[in-house]
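The block underneath contains the structure these notes are about, expressed in structure tokens.
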Amino acid sequence: MSSKTTIPPAVQQRIARYQQLQQTLNVLLGERQRLDAELAEINNALGELEKVGEDAKVFKSVGPVLVEAKRENIKNELTERKELNETRLKILEKQESRTRAQLDSLQKELQRVLSQPGSETE
């Protein structure tokens with residue numbers, strides 16, 4: 001009767017976990033995209049700094065204002081931010097990989113459970 005159309009609570013929990021993992025993956029992908037864009041911007045800025053001479057006036061953005069700063073200070077600041085973002089990116093890639101593996105495993109488990117007729121005890 002209706003027992004064939006109802007999803008057992010254990011399976012509902014797995015489905016909820018799967019949806020949660022999908023949301024987590026989406027957040028991770030968004031953060032990775034943001035970091036990739038920021039790294040590209042930093043690399044571009046570092047490249048431009050290399051093109052100008054040591055005595056060139058260099059400015060950095062502080063909110064809506066441009067402030068003159070020493071070229072070497074800006075270069076060091078950008079290099080530090082680059083290293084920090086690269087570290088964050090490595091961590092995100094590991095989290096993304098783990099989340100994808102969990103999603104894959106859970107998806108296979110759900111397919112197996114849902115394809116078995118009368119498997120309400122899973």
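Scheme for the structure tokens: letters A, B, ... for chains in order shown; per-chain residue numbers from 1; ligand numbers from 1 in order shown.
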Exercise for the section: Tell me, as a list in words, which residues lie within 12 Å of Lys75 (chain A), counting only C-alpha atoms; anything in the same chain fewer than 6 positions away does not count. Expected result: Ile42, Asn43, Asn44, Ala45, Leu46, Gly47, Glu48, Leu49, Glu50, Val52, Glu54, Val58, Phe59, Lys60, Ala69, Arg81 and Lys82 of chain A
Please report, as an mmCIF file with C-alpha atoms, in the first residue's frame, each residue of chain A to which DSSP assigns strand (DSSP E) when run on this structure's backbone.
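Saved the output as states-v1.cif:
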data_model
loop_
_atom_site.group_PDB
_atom_site.id
_atom_site.type_symbol
_atom_site.label_atom_id
_atom_site.label_comp_id
_atom_site.auth_asym_id
_atom_site.auth_seq_id
_atom_site.Cartn_x
_atom_site.Cartn_y
_atom_site.Cartn_z
ATOM 1 C CA VAL A 58 53.540 53.518 -6.048
ATOM 2 C CA PHE A 59 50.120 53.766 -4.457
ATOM 3 C CA LYS A 60 47.918 51.291 -2.659
ATOM 4 C CA SER A 61 44.208 51.331 -2.120
ATOM 5 C CA VAL A 62 42.993 51.926 1.422
ATOM 6 C CA VAL A 65 41.491 56.311 -1.102
ATOM 7 C CA LEU A 66 44.843 55.754 -2.830
ATOM 8 C CA VAL A 67 47.808 56.258 -0.506
ATOM 9 C CA GLU A 68 51.449 56.472 -1.544
ATOM 10 C CA ALA A 69 53.527 53.620 -0.161
#
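Separating CA of Thr99 (chain A) from CA of Gln22 (chain A) is a distance of 8.2 Å.
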Practice task
Check the DSSP output for the backbone and give back, as a ChimeraX atom specification, the residues of chain A in alpha helix (DSSP H).
Solution key: /A:9-51,71-115
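If only C-alpha atoms are the atoms counted, then among A:Asn76, A:Glu96, A:Val113, A:Lys108 the closest residue to Gln23 (chain A) is A:Glu96.
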Handout entry: Test item: residues at most 12 Å from Asp36 (chain A), only C-alpha atoms, excluding those fewer than 2 positions along its chain, as a list of chain:residue names
Key =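 Near Asp36 (chain A), the qualifying residues are A:Leu29, A:Gly30, A:Glu31, A:Arg32, A:Gln33, A:Arg34, A:Glu38, A:Leu39, A:Ala40, A:Glu41, A:Ile42, A:Asn43, A:Lys82, A:Asn85, A:Glu86, A:Thr87, A:Arg88, A:Leu89, A:Lys90, A:Leu92, A:Glu93.
The coordinates place CA of Glu80 (chain A) at 16.3 Å from CA of Ala37 (chain A).
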Set out as CSV a contact list for region 45-116 of chain A and region 10-14 of chain A with a cut-off of 10 Å, giving each residue of region 45-116 of chain A that qualifies its closest atom pair and distance in Å to one decimal, counting only C-alpha atoms, ordered by chain and rising residue number.
residue,atom,partner,partner_atom,distance
A:Leu106,CA,A:Arg14,CA,7.4
A:Gln107,CA,A:Arg14,CA,9.1
A:Glu109,CA,A:Arg14,CA,8.8
A:Leu110,CA,A:Arg14,CA,7.3
A:Val113,CA,A:Val11,CA,7.8
A:Leu114,CA,A:Val11,CA,8.2
With C-alpha atoms retained, could you export that selection as a PDB file, in the first residue's frame?
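Listing of part08.pdb after writing:
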ATOM      1  CA  LEU A 106      26.553   8.584  -0.224  1.00  0.00           C
ATOM      2  CA  GLN A 107      25.077   8.762  -3.714  1.00  0.00           C
ATOM      3  CA  GLU A 109      24.667   4.100  -1.031  1.00  0.00           C
ATOM      4  CA  LEU A 110      21.378   5.894  -1.692  1.00  0.00           C
ATOM      5  CA  VAL A 113      19.178   1.389  -0.884  1.00  0.00           C
ATOM      6  CA  LEU A 114      16.506   2.982  -3.048  1.00  0.00           C
TER       7      LEU A 114
END
